[in-house]
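Peer 1: There's a structure below that I have some questions on.
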Amino acid sequence: MKTGDQINESPLATIFSDQQPRLIRLAYRMLGSVADAEDIVNDAWLRWLAVDHGTIRQPAAFLRTVVTRLCLNELKSSRRQRETYIGPWLPEPIFDPEDGDATDDVTLPLMIALERLSPLERAAFLLHDVFGLSFEAVAESIGRETSACRKLASRARAHIHDARPRFAVEKEEGLRLAAAFFSASRTGDLATLRAMLAKDVITYADGGGQVSAPSSPLIGLDAVIARHAGLARLFAVRPSRLIRYSIIDGLPGFITIEEENTVQTTALNIEQGKVVAIYVTRNPDKLRHVPGIAN
C-alpha cells in the first residue's frame, strides 16, 4: 500500500494508520479498483496532514467523509470510461486475508450490482448496510439530509436484492468445488463439468479489449459447455498452469497462467452445490497485484 510507505510514527500518522484498512475497503467497494482505492486514500492522507487538527473532533468521521466524497467525484469520471468499455466489466479482483477471512458479505456479484446504482445510492448503502454507520453519520459523510440517506439506501437495497449472498458456502467446500471445476475444465471432462453447472449458469469474461475474451456474457448451460469444449482443445495444446486456489472477492476460485503468459482469475458463484455464475478476469490492468505472480 503506497500510503503506508509514507506514514511515519507521528501521532497523526498513527491515527491515520488505524483507519487506513477500513478506508481502503470503503474506497474499493465504491470504485471496484484497488489502484484507484489506493490513490483515493493517498489523497486523503495528504488532506489529513494539511487540515487544522484542532477543528477535528472525530478523526474517523473526518477521514471517512473525505474518502467518500473523493470516491463520489471519481465515480463521475469512471462511469464515463465504463460506457466505452470493451466487453463485460468486472471489478478488479481482491484476495481476502488468509484466503477468505472476509470482513463483510460484499461478494463479486454484489460488486457488479453496485454498478447499477447512482454514486449516492452506492455510498449510502455501503456506509449503512455494510460498514454499519448510522444514517446520521451517513448524512454527514455524503452531505445529504438523514431522511434522504434512508431513501437512498432503501432504493439501493431494492435494486440489488437478488445479488446479495443467499446460500453461504464454507471456504473448504468452495475451494474443493473450485478444484473440481479446474480439473474438469482443463482436461475436457465435459460430463463432470455439466453436472457442476446450473441450467441458467452465466459466464462473464473481462479482457478489457486487451486480451481475448467473449465480447458478451455466455448465458445458459449449452452456451457455457460449448465454450469449454473449445477451450479444452486449446488446453490440450497449451496447458493452463495453476498458480493456486483462492477466495476472490468472497467467491472460491483459482489463479492461472494461460496462453501467451496471460494471467487469469476465475471466481465461481455457487448456490446449493451448483455453479450459477463464472467470473473470468483477464484484463492485465486489473491483475498487476495478483499474489504469487512476478510483476
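Residue names in the C-alpha cells use chain letters A, B, ... in the order shown, residue numbers from 1 in each chain, and ligand numbers from 1 in the order shown.
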Fewer than 2 positions away in the same chain doesn't count, so skip those; otherwise give me all residues within 12 Å of A:Leu231, counting only C-alpha atoms, as JSON, numbers by chain.
Peer 2: {"A": [184, 185, 186, 187, 188, 189, 190, 213, 224, 225, 226, 227, 228, 229, 233, 234, 235, 236, 237, 238, 239, 240, 258, 259]}
Peer 1: Env of A:Val51: 12 Å cut, atoms = only C-alpha atoms, seq-sep filter 6 positions within chain, self excluded. Answer as a ChimeraX atom specification.
Peer 2: /A:12,44-45,59,62-63,66
Peer 1: Atoms to include: N, CA, C and O atoms. Write the selected residues as a tab-separated table (two decimals), in the first residue's frame.
Peer 2:
```tsv
chain	number	residue	atom	x	y	z
A	12	LEU	N	-0.25	11.86	14.35
A	12	LEU	CA	-1.18	12.00	13.24
A	12	LEU	C	-1.12	10.77	12.33
A	12	LEU	O	-2.14	10.30	11.84
A	44	ALA	N	-6.41	11.26	0.64
A	44	ALA	CA	-6.95	11.53	1.97
A	44	ALA	C	-5.84	11.75	2.99
A	44	ALA	O	-5.96	12.60	3.89
A	45	TRP	N	-4.75	11.00	2.87
A	45	TRP	CA	-3.59	11.17	3.76
A	45	TRP	C	-3.02	12.58	3.65
A	45	TRP	O	-2.72	13.23	4.65
A	59	PRO	N	-11.68	12.09	14.23
A	59	PRO	CA	-10.83	11.81	13.07
A	59	PRO	C	-11.41	10.75	12.13
A	59	PRO	O	-11.32	10.89	10.91
A	62	PHE	N	-14.09	12.28	10.02
A	62	PHE	CA	-13.50	13.21	9.06
A	62	PHE	C	-12.88	12.45	7.89
A	62	PHE	O	-13.13	12.77	6.71
A	63	LEU	N	-12.07	11.43	8.18
A	63	LEU	CA	-11.40	10.68	7.12
A	63	LEU	C	-12.40	9.92	6.25
A	63	LEU	O	-12.24	9.84	5.04
A	66	VAL	N	-13.95	12.41	3.90
A	66	VAL	CA	-13.01	12.77	2.83
A	66	VAL	C	-12.96	11.68	1.77
A	66	VAL	O	-13.08	11.94	0.56
```
Peer 1: Closest to A:Thr256 among A:Pro11, A:Gly273, A:Pro291, A:Gly230, using only C-alpha atoms?
Peer 2: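 For A:Thr256, the nearest of the given residues is A:Pro291.
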Peer 1: For stretch 288-290 of chain A, find every residue with an atom within 10 Å (counting only C-alpha atoms), except residues of its own chain fewer than 4 positions away, and show them as a list in words.
Peer 2: Val34, Ala35, Glu92, Pro93, Ile94, Phe95, Ile255, Val263, Gln264, Thr265, Asn283, Pro284, Ala294 and Asn295 of chain A
Peer 1: Out of stretch 101-240 of chain A, which residues get strand (DSSP E) from DSSP, as a list in words?
Peer 2: Leu197, Ala198, Lys199, Asp200, Val201, Ile202, Thr203, Tyr204, Ala205, Asp206, Leu218 and Ile219 of chain A
Peer 1: Would you kindly return, as a count of residues only, each protein, DNA or RNA residue with an atom no farther than 12 Å from any atom of A:Val130, considering only C-alpha atoms and excluding same-chain residues fewer than 2 positions away?
Peer 2: 25
Peer 1: Just how far from atom CA of A:Met111 is atom CA of A:Gly32, in Å to one decimal?
Peer 2: 7.2 Å
